[in-house]
file run.csv (CSV, C-alpha atoms)
chain,number,residue,atom,x,y,z
A,19,MET,CA,-63.8,-15.3,-150.3
A,20,GLU,CA,-63.6,-13.0,-153.3
A,21,ALA,CA,-67.4,-13.0,-153.6
A,22,TYR,CA,-67.6,-11.9,-149.9
A,23,LYS,CA,-65.1,-9.1,-150.5
A,24,LYS,CA,-67.0,-7.8,-153.4
A,25,TRP,CA,-70.3,-7.9,-151.4
A,26,VAL,CA,-68.7,-6.0,-148.5
A,27,ARG,CA,-67.2,-3.4,-150.7
A,28,ARG,CA,-70.5,-2.8,-152.5
A,29,ASN,CA,-72.6,-2.6,-149.3
A,30,LYS,CA,-70.2,-1.0,-146.9
A,31,ASP,CA,-72.8,1.3,-145.4
A,32,TYR,CA,-75.1,-1.6,-144.8
A,33,VAL,CA,-72.3,-3.6,-143.3
A,34,HIS,CA,-71.4,-0.7,-140.9
A,35,SER,CA,-75.0,-0.4,-139.8
A,36,LEU,CA,-75.2,-4.2,-139.0
A,37,GLU,CA,-71.9,-4.1,-137.2
A,38,SER,CA,-72.9,-1.1,-135.0
A,39,LEU,CA,-76.2,-2.8,-134.1
A,40,ALA,CA,-74.6,-6.2,-133.3
A,41,ASN,CA,-71.8,-4.6,-131.2
A,42,GLY,CA,-74.4,-2.5,-129.3
A,43,LEU,CA,-76.5,-5.6,-128.5
A,44,THR,CA,-73.5,-7.4,-127.0
A,45,TRP,CA,-73.6,-5.0,-124.0
A,46,LEU,CA,-77.1,-6.3,-123.3
A,47,LEU,CA,-76.2,-10.0,-123.2
A,48,PRO,CA,-77.2,-11.6,-119.8
A,49,GLU,CA,-74.5,-12.4,-117.3
A,50,ARG,CA,-71.9,-10.4,-119.3
A,51,PHE,CA,-69.8,-9.7,-116.2
A,52,SER,CA,-70.7,-12.7,-114.1
A,53,ALA,CA,-68.5,-15.7,-113.3
A,54,SER,CA,-69.6,-17.5,-116.5
A,55,GLU,CA,-69.0,-14.9,-119.1
A,56,ILE,CA,-66.7,-16.8,-121.5
A,57,GLY,CA,-69.6,-17.3,-124.0
A,58,PRO,CA,-70.6,-13.6,-124.2
A,59,GLU,CA,-67.0,-12.5,-124.4
A,60,ALA,CA,-66.3,-15.0,-127.2
A,61,VAL,CA,-69.3,-13.6,-129.1
A,62,THR,CA,-68.0,-10.1,-128.6
A,63,ALA,CA,-64.5,-11.1,-129.8
A,64,ILE,CA,-65.9,-12.8,-132.9
A,65,LEU,CA,-67.9,-9.7,-133.8
A,66,GLY,CA,-64.9,-7.6,-133.3
A,67,ILE,CA,-62.7,-9.7,-135.5
A,68,ILE,CA,-65.4,-9.7,-138.2
A,69,THR,CA,-65.7,-5.9,-138.0
A,70,ALA,CA,-61.9,-5.5,-138.3
A,71,MET,CA,-61.8,-7.9,-141.2
A,72,ASN,CA,-64.6,-6.0,-143.0
A,73,GLU,CA,-62.8,-2.7,-142.4
A,74,HIS,CA,-59.6,-4.2,-143.8
A,75,ILE,CA,-61.5,-5.4,-146.9
A,76,ILE,CA,-63.0,-1.9,-147.4
A,77,ASN,CA,-59.7,-0.1,-146.9
A,78,THR,CA,-57.8,-2.4,-149.3
A,79,THR,CA,-60.3,-1.8,-152.2
A,80,PRO,CA,-58.3,-1.6,-155.4
A,81,THR,CA,-58.6,1.6,-157.3
A,82,GLN,CA,-58.2,2.3,-161.0
A,83,MET,CA,-55.5,4.9,-160.2
A,84,HIS,CA,-53.2,2.2,-158.7
A,85,VAL,CA,-50.5,1.3,-161.2
A,86,GLY,CA,-47.7,-1.1,-160.7
A,87,PRO,CA,-47.1,-4.2,-158.6
A,88,VAL,CA,-48.4,-4.5,-155.0
A,89,GLU,CA,-45.9,-3.8,-152.3
A,90,PRO,CA,-44.1,-6.9,-151.2
A,91,ASN,CA,-44.9,-6.1,-147.5
A,92,SER,CA,-48.6,-6.8,-147.7
A,93,PHE,CA,-49.1,-8.6,-144.3
A,94,PRO,CA,-52.2,-7.2,-142.7
A,95,TYR,CA,-50.6,-6.0,-139.4
A,96,SER,CA,-53.5,-3.8,-138.5
A,97,LEU,CA,-55.9,-6.6,-138.9
A,98,CYS,CA,-53.7,-8.9,-136.8
A,99,ILE,CA,-53.4,-6.3,-134.0
A,100,SER,CA,-57.2,-5.8,-134.0
A,101,ALA,CA,-57.7,-9.6,-133.7
A,102,ILE,CA,-55.3,-9.9,-130.8
A,103,LYS,CA,-57.0,-7.0,-129.0
A,104,ASP,CA,-60.4,-8.7,-129.5
A,105,LEU,CA,-59.1,-12.0,-128.3
A,106,GLU,CA,-57.3,-10.6,-125.3
A,107,THR,CA,-60.5,-10.3,-123.1
A,108,VAL,CA,-61.5,-13.9,-124.0
A,109,VAL,CA,-58.0,-15.1,-122.9
A,110,GLU,CA,-58.3,-13.2,-119.7
A,111,VAL,CA,-61.8,-14.6,-118.9
A,112,ALA,CA,-60.8,-18.2,-119.8
A,113,ALA,CA,-57.6,-18.0,-117.8
A,114,GLN,CA,-59.4,-16.6,-114.8
A,115,HIS,CA,-62.1,-19.3,-115.0
A,116,TYR,CA,-59.7,-22.2,-115.3
A,117,PHE,CA,-56.5,-21.0,-113.5
A,118,GLY,CA,-57.6,-18.3,-111.0
A,119,ASP,CA,-57.0,-14.6,-110.6
A,120,ASP,CA,-53.3,-14.8,-109.9
A,121,LYS,CA,-52.2,-17.1,-112.8
A,122,LYS,CA,-54.4,-15.3,-115.4
A,123,TRP,CA,-51.8,-12.6,-115.5
A,124,ASN,CA,-49.3,-15.0,-117.0
A,125,PHE,CA,-51.6,-15.5,-120.0
A,126,ILE,CA,-52.4,-11.8,-120.3
A,127,ALA,CA,-48.6,-11.0,-120.3
A,128,VAL,CA,-48.1,-13.5,-123.2
A,129,THR,CA,-50.9,-11.8,-125.1
A,130,GLU,CA,-49.5,-8.4,-124.5
A,131,ALA,CA,-46.0,-9.5,-125.5
A,132,THR,CA,-47.4,-10.8,-128.8
A,133,LYS,CA,-49.1,-7.5,-129.4
A,134,VAL,CA,-45.9,-5.6,-128.6
A,135,LEU,CA,-44.0,-7.7,-131.0
A,136,VAL,CA,-46.5,-7.2,-133.9
A,137,ARG,CA,-46.6,-3.5,-133.2
A,138,LEU,CA,-42.8,-3.2,-133.2
A,139,ILE,CA,-42.6,-5.0,-136.5
A,140,LEU,CA,-45.4,-2.7,-137.9
A,141,PHE,CA,-43.5,0.3,-136.6
A,142,ARG,CA,-40.3,-0.7,-138.4
A,143,ASN,CA,-41.9,-1.8,-141.6
A,144,SER,CA,-44.0,1.3,-141.9
A,145,GLY,CA,-40.9,3.4,-141.9
A,146,TYR,CA,-41.2,4.3,-138.2
A,147,LYS,CA,-44.5,6.1,-138.6
A,148,MET,CA,-46.7,6.8,-135.6
A,149,LEU,CA,-49.1,4.0,-134.9
A,150,LEU,CA,-52.7,5.3,-135.2
A,151,HIS,CA,-55.1,3.8,-132.6
A,152,GLY,CA,-52.4,1.4,-131.5
A,153,GLY,CA,-51.9,0.1,-135.0
A,154,ASP,CA,-55.5,-0.6,-135.7
A,155,THR,CA,-55.6,2.2,-138.4
A,156,PRO,CA,-53.0,2.2,-141.1
A,157,ASN,CA,-50.9,5.3,-141.2
A,158,THR,CA,-50.9,6.1,-145.0
A,159,GLU,CA,-50.2,9.8,-144.9
A,160,LYS,CA,-46.8,10.7,-146.3
A,161,HIS,CA,-44.3,12.8,-144.4
A,162,SER,CA,-43.5,15.9,-146.5
A,163,ASP,CA,-40.0,16.2,-145.0
A,164,PHE,CA,-39.0,12.7,-146.0
A,165,SER,CA,-40.9,12.6,-149.3
A,166,SER,CA,-39.5,15.9,-150.5
A,167,SER,CA,-35.9,14.7,-150.0
A,168,GLN,CA,-36.7,11.7,-152.3
A,169,HIS,CA,-37.3,14.1,-155.2
A,170,ASN,CA,-33.7,15.3,-155.0
A,171,VAL,CA,-30.7,13.7,-156.5
A,172,GLY,CA,-27.3,14.9,-155.2
A,173,GLY,CA,-29.0,17.9,-153.7
A,174,PHE,CA,-30.7,19.1,-156.9
A,175,PRO,CA,-34.3,18.7,-157.9
A,176,ARG,CA,-35.2,15.8,-160.1
A,177,PRO,CA,-36.6,16.6,-163.5
A,178,GLY,CA,-40.3,17.6,-163.3
A,179,SER,CA,-40.3,17.9,-159.6
A,180,GLY,CA,-40.9,21.6,-159.7
A,181,HIS,CA,-38.6,22.3,-156.8
A,182,VAL,CA,-36.8,25.6,-156.5
A,183,PRO,CA,-33.0,25.2,-155.9
A,184,ASN,CA,-31.0,26.6,-153.1
A,185,GLY,CA,-34.0,26.5,-150.7
A,186,LEU,CA,-35.5,29.7,-152.1
A,187,ASN,CA,-39.1,30.6,-151.3
A,188,PRO,CA,-41.2,29.6,-154.4
A,189,TRP,CA,-43.7,32.3,-153.7
A,190,ASN,CA,-41.5,35.4,-153.9
A,191,LEU,CA,-40.4,37.0,-157.1
A,192,GLU,CA,-36.9,35.4,-157.3
A,193,GLY,CA,-38.3,32.0,-156.5
A,194,ARG,CA,-41.0,32.2,-159.1
A,195,ALA,CA,-38.4,33.3,-161.7
A,196,LEU,CA,-36.1,30.5,-161.0
A,197,SER,CA,-39.0,28.0,-161.0
A,198,ALA,CA,-40.1,29.3,-164.4
A,199,LEU,CA,-36.6,29.0,-165.8
A,200,SER,CA,-36.3,25.4,-164.4
A,201,ARG,CA,-39.6,24.4,-166.0
A,202,PHE,CA,-38.5,26.1,-169.3
A,203,GLY,CA,-35.3,24.1,-169.3
A,204,GLU,CA,-37.2,20.9,-168.7
A,205,ASN,CA,-39.7,21.6,-171.4
A,206,ALA,CA,-36.9,22.4,-173.9
A,207,ARG,CA,-35.0,19.2,-173.0
A,208,THR,CA,-38.1,17.1,-173.3
A,209,SER,CA,-39.1,18.5,-176.6
A,210,SER,CA,-35.6,17.8,-178.0
A,211,ASP,CA,-35.8,14.1,-177.0
A,212,PRO,CA,-36.6,11.7,-179.8
A,213,VAL,CA,-40.2,10.3,-179.9
A,214,TRP,CA,-39.0,6.7,-179.4
A,215,LEU,CA,-37.0,7.7,-176.3
A,216,ARG,CA,-40.0,9.4,-174.7
A,217,SER,CA,-42.1,6.3,-175.5
A,218,VAL,CA,-39.5,4.1,-173.8
A,219,GLN,CA,-39.3,6.3,-170.8
A,220,HIS,CA,-43.1,6.3,-170.5
A,221,GLN,CA,-43.2,2.6,-170.6
A,222,GLN,CA,-40.6,2.4,-167.9
A,223,ASP,CA,-42.6,4.8,-165.7
A,224,ILE,CA,-45.6,2.5,-166.0
A,225,MET,CA,-43.8,-0.8,-165.4
A,226,GLU,CA,-41.4,0.6,-162.7
A,227,PRO,CA,-43.1,3.4,-160.7
A,228,PRO,CA,-40.8,5.6,-158.7
A,229,SER,CA,-39.8,3.9,-155.6
A,230,CYS,CA,-40.2,5.7,-152.3
A,231,GLU,CA,-37.4,4.8,-150.0
A,232,ARG,CA,-38.7,3.9,-146.6
A,233,PRO,CA,-37.0,5.9,-143.8
A,234,THR,CA,-34.7,3.8,-141.8
A,235,LEU,CA,-33.6,4.1,-138.2
A,236,SER,CA,-30.2,5.6,-139.1
A,237,MET,CA,-31.8,8.0,-141.6
A,238,ILE,CA,-34.2,9.4,-139.0
A,239,LEU,CA,-31.5,9.8,-136.4
A,240,SER,CA,-29.1,11.4,-138.8
A,241,GLU,CA,-31.6,13.7,-140.5
A,242,LYS,CA,-33.9,14.6,-137.6
A,243,GLY,CA,-31.3,14.6,-134.8
A,244,VAL,CA,-32.7,15.0,-131.3
A,245,HIS,CA,-36.3,15.3,-132.3
A,246,GLY,CA,-36.1,12.1,-134.4
A,247,ALA,CA,-34.7,10.3,-131.3
A,248,LEU,CA,-37.4,11.8,-129.1
A,249,PHE,CA,-40.1,10.6,-131.5
A,250,LEU,CA,-38.7,7.1,-131.7
A,251,MET,CA,-38.4,6.8,-127.9
A,252,GLY,CA,-41.9,8.2,-127.3
A,253,GLU,CA,-43.4,5.8,-129.8
A,254,VAL,CA,-41.6,2.8,-128.3
A,255,LEU,CA,-42.7,3.7,-124.8
A,256,PHE,CA,-46.2,3.9,-126.0
A,257,ILE,CA,-45.9,0.4,-127.5
A,258,ILE,CA,-44.4,-1.3,-124.5
A,259,ARG,CA,-46.3,0.5,-121.8
A,260,PRO,CA,-49.2,-2.0,-121.6
A,261,LEU,CA,-46.8,-4.9,-121.3
A,262,MET,CA,-44.8,-3.2,-118.5
A,263,TYR,CA,-48.1,-2.4,-116.7
A,264,VAL,CA,-49.2,-6.1,-116.8
A,265,LEU,CA,-45.8,-7.4,-115.7
A,266,PHE,CA,-45.8,-5.1,-112.7
A,267,ILE,CA,-49.3,-6.1,-111.8
A,268,ARG,CA,-48.2,-9.7,-112.1
A,269,LYS,CA,-45.4,-9.0,-109.7
A,270,TYR,CA,-47.0,-6.6,-107.2
A,271,GLY,CA,-50.7,-7.3,-107.5
A,272,ILE,CA,-53.6,-5.3,-108.9
A,273,ARG,CA,-54.1,-3.4,-105.6
A,274,SER,CA,-50.6,-2.0,-105.5
A,275,TRP,CA,-49.9,1.6,-106.4
A,276,ILE,CA,-46.5,0.7,-108.0
A,277,PRO,CA,-47.9,-0.5,-111.4
A,278,TRP,CA,-50.3,2.4,-111.5
A,279,PHE,CA,-47.6,5.1,-110.9
A,280,LEU,CA,-45.0,3.4,-113.1
A,281,SER,CA,-47.5,3.1,-116.0
A,282,MET,CA,-48.5,6.7,-115.6
A,283,ALA,CA,-44.9,7.7,-115.5
A,284,VAL,CA,-44.1,5.9,-118.7
A,285,ASP,CA,-47.1,7.5,-120.4
A,286,ALA,CA,-46.0,10.9,-119.2
A,287,VAL,CA,-42.5,10.5,-120.5
A,288,GLY,CA,-43.6,9.1,-123.8
A,289,ILE,CA,-46.3,11.8,-124.4
A,290,GLY,CA,-43.9,14.4,-123.3
A,291,PHE,CA,-41.3,13.3,-125.9
A,292,LEU,CA,-44.0,13.4,-128.7
A,293,THR,CA,-45.4,16.7,-127.5
A,294,GLN,CA,-41.9,18.2,-127.7
A,295,VAL,CA,-41.6,16.9,-131.2
A,296,ALA,CA,-44.9,18.4,-132.2
A,297,LYS,CA,-44.0,21.8,-130.7
A,298,SER,CA,-40.7,21.9,-132.6
A,299,ARG,CA,-42.6,23.3,-135.6
A,300,ASP,CA,-43.8,26.3,-133.7
A,301,GLY,CA,-40.3,27.7,-132.9
A,302,GLY,CA,-38.3,30.1,-134.9
A,303,LYS,CA,-36.0,27.4,-136.1
A,304,GLU,CA,-36.6,25.0,-139.0
A,305,GLN,CA,-39.0,22.2,-138.2
A,306,HIS,CA,-37.1,19.1,-137.2
A,307,TYR,CA,-39.8,16.5,-137.4
A,308,HIS,CA,-43.1,16.8,-139.2
A,309,LEU,CA,-46.3,15.3,-137.7
A,310,THR,CA,-49.1,14.7,-140.2
A,311,VAL,CA,-52.7,15.8,-139.4
A,312,SER,CA,-53.7,12.3,-138.4
A,313,GLU,CA,-50.6,11.9,-136.2
A,314,GLN,CA,-51.4,15.2,-134.4
A,315,ASP,CA,-55.0,13.9,-133.9
A,316,GLU,CA,-53.5,10.6,-132.5
A,317,LEU,CA,-51.4,12.6,-130.1
A,318,LYS,CA,-54.5,14.4,-128.8
A,319,ARG,CA,-56.3,11.1,-128.5
A,320,ARG,CA,-53.5,9.7,-126.4
A,321,LYS,CA,-53.6,12.7,-124.1
A,322,LEU,CA,-57.4,12.2,-123.6
A,323,LEU,CA,-56.7,8.5,-122.7
A,324,TRP,CA,-55.1,9.7,-119.4
A,325,ALA,CA,-58.7,9.7,-118.1
A,326,LEU,CA,-58.5,5.9,-118.0
A,327,TYR,CA,-56.2,6.1,-114.9
A,328,LEU,CA,-59.3,7.1,-113.0
A,329,MET,CA,-60.7,3.7,-113.9
A,330,ARG,CA,-57.6,1.6,-113.0
A,331,ASP,CA,-57.0,0.1,-109.7
A,332,PRO,CA,-56.2,1.0,-107.0
A,333,PHE,CA,-57.4,4.5,-107.8
A,334,PHE,CA,-60.8,3.2,-109.0
A,335,THR,CA,-61.5,1.1,-105.8
A,336,LYS,CA,-60.4,3.9,-103.4
A,337,HIS,CA,-61.9,6.9,-105.2
A,338,THR,CA,-63.9,6.5,-108.4
A,339,ARG,CA,-66.0,3.6,-107.3
A,340,GLN,CA,-67.1,5.4,-104.2
A,341,ARG,CA,-68.2,8.4,-106.1
A,342,LEU,CA,-70.2,6.2,-108.5
A,343,GLU,CA,-71.9,4.3,-105.7
A,344,SER,CA,-72.8,7.5,-103.9
A,345,THR,CA,-74.3,8.9,-107.1
A,346,GLU,CA,-76.3,5.7,-107.6
A,347,LYS,CA,-77.7,5.9,-104.1
A,348,LEU,CA,-78.6,9.5,-104.5
A,349,LEU,CA,-80.5,8.9,-107.8
A,350,GLU,CA,-82.0,5.6,-106.7
A,351,PRO,CA,-85.4,7.0,-105.6
A,352,VAL,CA,-86.0,8.6,-109.1
A,353,PRO,CA,-88.1,6.1,-111.1
A,354,VAL,CA,-86.4,6.0,-114.5
A,355,ILE,CA,-83.1,7.9,-113.9
A,356,GLY,CA,-82.4,5.7,-110.9
A,357,LEU,CA,-82.7,2.5,-112.9
A,358,LEU,CA,-80.5,3.8,-115.7
A,359,THR,CA,-77.9,5.0,-113.3
A,360,ALA,CA,-77.7,1.6,-111.6
A,361,LYS,CA,-77.3,-0.1,-115.0
A,362,ILE,CA,-74.6,2.4,-116.0
A,363,VAL,CA,-72.7,1.9,-112.8
A,364,GLU,CA,-72.9,-1.9,-113.3
A,365,LEU,CA,-71.5,-1.6,-116.8
A,366,VAL,CA,-68.7,0.7,-115.7
A,367,VAL,CA,-67.7,-1.5,-112.8
A,368,GLY,CA,-67.7,-4.6,-115.0
A,369,ALA,CA,-65.8,-2.9,-117.8
A,370,GLN,CA,-63.2,-1.6,-115.3
A,371,THR,CA,-62.1,-5.2,-114.5
A,372,ARG,CA,-61.6,-6.1,-118.2
A,373,TYR,CA,-60.8,-3.1,-120.5
A,374,THR,CA,-58.8,-0.5,-118.6
A,375,TYR,CA,-55.3,-2.0,-118.2
A,376,MET,CA,-55.0,-2.6,-122.0
A,377,SER,CA,-57.0,0.4,-123.2
A,378,GLY,CA,-55.2,3.2,-124.9
A,379,SER,CA,-52.7,0.9,-126.5
call {"tool": "encode", "arguments": {"input": "run.csv", "output": "structure tokens"}}
result
Amino acid sequence: MEAYKKWVRRNKDYVHSLESLANGLTWLLPERFSASEIGPEAVTAILGIITAMNEHIINTTPTQMHVGPVEPNSFPYSLCISAIKDLETVVEVAAQHYFGDDKKWNFIAVTEATKVLVRLILFRNSGYKMLLHGGDTPNTEKHSDFSSSQHNVGGFPRPGSGHVPNGLNPWNLEGRALSALSRFGENARTSSDPVWLRSVQHQQDIMEPPSCERPTLSMILSEKGVHGALFLMGEVLFIIRPLMYVLFIRKYGIRSWIPWFLSMAVDAVGIGFLTQVAKSRDGGKEQHYHLTVSEQDELKRRKLLWALYLMRDPFFTKHTRQRLESTEKLLEPVPVIGLLTAKIVELVVGAQTRYTYMSGS
């Protein structure tokens, strides 16, 4: 396995090219959306798991700058979530083939519940950071509002942190003066320490790197207040929304409007909470909860995923599909464009039955 990891890390561009080619060819497999599609979907799932595994190997490449022991919590949650998402379609196809359309939702609900459980564990163990791409992508950016507080001891800057006391602006004249005095005091104290003491402190820094305390639920609620609570509720709603959607489909059926409206309502409330948190930085007051650049991009991605409701039943059957079929008939006489349009409509209709209820999660 180590030899395979080394090969993937050395040839990551080549590996990415092969994965893109293989994943693209799976859409051309015969009878992909027919009644006997377990084989093609299994091939697609295997390729997806291999792709996720290779990405995990590349992302966990050890660097020379890494010093100290590996974090005890090293379970590959992102890889596990990716594998579950890839296997989910195979579970649906197999359950539909052997147990029928109605009972397949029982198996889908179990798969979604497993995915929710893993995501909640990841959400907690990551220090309640936003899940990027549903947990597929590790969120490694540090929150400046939490990390800055860890440089303070009893409300004062730690030695060498370079922070200006009393919340002064480090860019104005007074702030620069206090910062220079603080650095001067630190340099004087360091120069007065014995050589052996500095050597011991250096060895301790290498053997025991500074520990970054992971934010807890009570810490977020106490320090961030309402905006912290809104962030937590919005993220939890995002995590549990697919399971709620599947459970309501299992109860009311895929043609009912109840699951469609309830899922959209949960999405609207969750994204509304997160949008309110993101807008808190634009007000005149102090920023209550900081979203990193990747988290802001994730929020934009989730808003774009609202377009998937056009592909979910019953809206798709009553509106979207009719528009697609009318477009196909309109372009059918055109020699090349008509053929391509028919193929695109076939793929869209087939994908709608498999990938829309769990997409965006």
call {"tool": "closest_residue", "arguments": {"input": "run.csv", "among": "A:Met251, A:Trp275, A:Leu323, A:Ser96", "to": "Lys336 in chain A", "atoms": "all atoms listed in the file"}}
result
A:Trp275
call {"tool": "residues_around", "arguments": {"input": "run.csv", "residues": "Ser281 in chain A", "least_positions_apart": "3", "cutoff": "8 Å", "atoms": "all atoms listed in the file", "output": "VMD selection string"}}
result
chain A and resid 259 to 260 262 to 263 277 to 278 284 to 285
call {"tool": "residues_around", "arguments": {"input": "run.csv", "residues": "Lys121 in chain A", "least_positions_apart": "3", "cutoff": "12 Å", "atoms": "only C-alpha atoms", "output": "PyMOL selection string"}}
result
chain A and resi 109-118+124-128+265+267-269+271
call {"tool": "closest_residue", "arguments": {"input": "run.csv", "among": "A:Leu349, A:Leu150, A:Leu342, A:Leu328", "to": "Leu365 in chain A", "atoms": "all atoms listed in the file"}}
result
A:Leu342
call {"tool": "residues_around", "arguments": {"input": "run.csv", "residues": "Ser144 in chain A", "least_positions_apart": "2", "cutoff": "9 Å", "atoms": "only C-alpha atoms", "output": "list in words"}}
result
Ile139, Leu140, Phe141, Arg142, Tyr146, Lys147, Met148, Asn157, Thr158, Arg232 and Pro233 of chain A
call {"tool": "closest_residue", "arguments": {"input": "run.csv", "among": "A:Ile64, A:Leu261, A:Val311, A:Val366", "to": "Thr129 in chain A", "atoms": "only C-alpha atoms"}}
result
A:Leu261
call {"tool": "closest_residue", "arguments": {"input": "run.csv", "among": "A:Val244, A:Ala369, A:Ile75, A:Met19", "to": "Met329 in chain A", "atoms": "only C-alpha atoms"}}
result
A:Ala369
call {"tool": "atom_distance", "arguments": {"input": "run.csv", "atom1": "CA of Ile276 in chain A", "atom2": "CA of Thr371 in chain A"}}
result
17.9 Å
call {"tool": "closest_residue", "arguments": {"input": "run.csv", "among": "A:Leu280, A:Pro353, A:Glu313, A:Ile56", "to": "Phe266 in chain A", "atoms": "all atoms listed in the file"}}
result
A:Leu280
call {"tool": "closest_residue", "arguments": {"input": "run.csv", "among": "A:Thr79, A:Thr62, A:Gln294, A:Asn143", "to": "Leu317 in chain A", "atoms": "all atoms listed in the file"}}
result
A:Gln294
call {"tool": "atom_distance", "arguments": {"input": "run.csv", "atom1": "CA of Leu357 in chain A", "atom2": "CA of Ser35 in chain A"}}
result
28.1 Å
call {"tool": "residues_near_point", "arguments": {"input": "run.csv", "point": "(-45.3, -8.6, -134.1)", "cutoff": "12 Å", "atoms": "all atoms listed in the file", "output": "ChimeraX atom specification"}}
result
/A:93-99,102,129-143,153,257
call {"tool": "write_last_selection", "arguments": {"input": "run.csv", "atoms": "C-alpha atoms", "output": "PDB file, keeping the file's coordinate frame"}}
result
ATOM      1  CA  PHE A  93     -49.100  -8.600-144.300  1.00  0.00           C
ATOM      2  CA  PRO A  94     -52.200  -7.200-142.700  1.00  0.00           C
ATOM      3  CA  TYR A  95     -50.600  -6.000-139.400  1.00  0.00           C
ATOM      4  CA  SER A  96     -53.500  -3.800-138.500  1.00  0.00           C
ATOM      5  CA  LEU A  97     -55.900  -6.600-138.900  1.00  0.00           C
ATOM      6  CA  CYS A  98     -53.700  -8.900-136.800  1.00  0.00           C
ATOM      7  CA  ILE A  99     -53.400  -6.300-134.000  1.00  0.00           C
ATOM      8  CA  ILE A 102     -55.300  -9.900-130.800  1.00  0.00           C
ATOM      9  CA  THR A 129     -50.900 -11.800-125.100  1.00  0.00           C
ATOM     10  CA  GLU A 130     -49.500  -8.400-124.500  1.00  0.00           C
ATOM     11  CA  ALA A 131     -46.000  -9.500-125.500  1.00  0.00           C
ATOM     12  CA  THR A 132     -47.400 -10.800-128.800  1.00  0.00           C
ATOM     13  CA  LYS A 133     -49.100  -7.500-129.400  1.00  0.00           C
ATOM     14  CA  VAL A 134     -45.900  -5.600-128.600  1.00  0.00           C
ATOM     15  CA  LEU A 135     -44.000  -7.700-131.000  1.00  0.00           C
ATOM     16  CA  VAL A 136     -46.500  -7.200-133.900  1.00  0.00           C
ATOM     17  CA  ARG A 137     -46.600  -3.500-133.200  1.00  0.00           C
ATOM     18  CA  LEU A 138     -42.800  -3.200-133.200  1.00  0.00           C
ATOM     19  CA  ILE A 139     -42.600  -5.000-136.500  1.00  0.00           C
ATOM     20  CA  LEU A 140     -45.400  -2.700-137.900  1.00  0.00           C
ATOM     21  CA  PHE A 141     -43.500   0.300-136.600  1.00  0.00           C
ATOM     22  CA  ARG A 142     -40.300  -0.700-138.400  1.00  0.00           C
ATOM     23  CA  ASN A 143     -41.900  -1.800-141.600  1.00  0.00           C
ATOM     24  CA  GLY A 153     -51.900   0.100-135.000  1.00  0.00           C
ATOM     25  CA  ILE A 257     -45.900   0.400-127.500  1.00  0.00           C
TER      26      ILE A 257
END
call {"tool": "atom_distance", "arguments": {"input": "run.csv", "atom1": "CA of Gly288 in chain A", "atom2": "CA of Glu106 in chain A"}}
result
24.0 Å
call {"tool": "residues_around", "arguments": {"input": "run.csv", "residues": "range 290-293 of chain A", "least_positions_apart": "6", "cutoff": "10 Å", "atoms": "only C-alpha atoms", "output": "PyMOL selection string"}}
result
chain A and resi 148+245-253+255+284+309+314+317-318+321
call {"tool": "write_last_selection", "arguments": {"input": "run.csv", "atoms": "C-alpha atoms", "output": "PDB file, keeping the file's coordinate frame"}}
result
ATOM      1  CA  MET A 148     -46.700   6.800-135.600  1.00  0.00           C
ATOM      2  CA  HIS A 245     -36.300  15.300-132.300  1.00  0.00           C
ATOM      3  CA  GLY A 246     -36.100  12.100-134.400  1.00  0.00           C
ATOM      4  CA  ALA A 247     -34.700  10.300-131.300  1.00  0.00           C
ATOM      5  CA  LEU A 248     -37.400  11.800-129.100  1.00  0.00           C
ATOM      6  CA  PHE A 249     -40.100  10.600-131.500  1.00  0.00           C
ATOM      7  CA  LEU A 250     -38.700   7.100-131.700  1.00  0.00           C
ATOM      8  CA  MET A 251     -38.400   6.800-127.900  1.00  0.00           C
ATOM      9  CA  GLY A 252     -41.900   8.200-127.300  1.00  0.00           C
ATOM     10  CA  GLU A 253     -43.400   5.800-129.800  1.00  0.00           C
ATOM     11  CA  LEU A 255     -42.700   3.700-124.800  1.00  0.00           C
ATOM     12  CA  VAL A 284     -44.100   5.900-118.700  1.00  0.00           C
ATOM     13  CA  LEU A 309     -46.300  15.300-137.700  1.00  0.00           C
ATOM     14  CA  GLN A 314     -51.400  15.200-134.400  1.00  0.00           C
ATOM     15  CA  LEU A 317     -51.400  12.600-130.100  1.00  0.00           C
ATOM     16  CA  LYS A 318     -54.500  14.400-128.800  1.00  0.00           C
ATOM     17  CA  LYS A 321     -53.600  12.700-124.100  1.00  0.00           C
TER      18      LYS A 321
END
call {"tool": "residues_around", "arguments": {"input": "run.csv", "residues": "Arg28 in chain A", "least_positions_apart": "5", "cutoff": "12 Å", "atoms": "all atoms listed in the file", "output": "list in words"}}
result
Ala21, Tyr22, Lys23, Val33, His34, Asn72, Ile75, Ile76 and Thr79 of chain A
call {"tool": "decode", "arguments": {"input": "run.csv", "residues": "range 67-82 of chain A", "atoms": "C-alpha atoms", "output": "compact mmCIF listing (two decimals), in the first residue's frame"}}
result
# COMPACT_ATOMS: atom_id res chain seq x y z
CA ILE A 67 -14.23 5.32 -4.45
CA ILE A 68 -10.84 4.94 -6.13
CA THR A 69 -10.89 8.64 -7.05
CA ALA A 70 -11.76 9.63 -3.48
CA MET A 71 -9.04 7.36 -2.11
CA ASN A 72 -6.43 8.86 -4.44
CA GLU A 73 -7.47 12.38 -3.46
CA HIS A 74 -7.15 11.42 0.21
CA ILE A 75 -3.66 10.05 -0.43
CA ILE A 76 -2.61 13.25 -2.23
CA ASN A 77 -4.13 15.55 0.41
CA THR A 78 -2.40 13.67 3.24
CA THR A 79 1.07 13.90 1.71
CA PRO A 80 3.53 14.46 4.58
CA THR A 81 5.55 17.66 4.37
CA GLN A 82 8.93 18.54 5.74
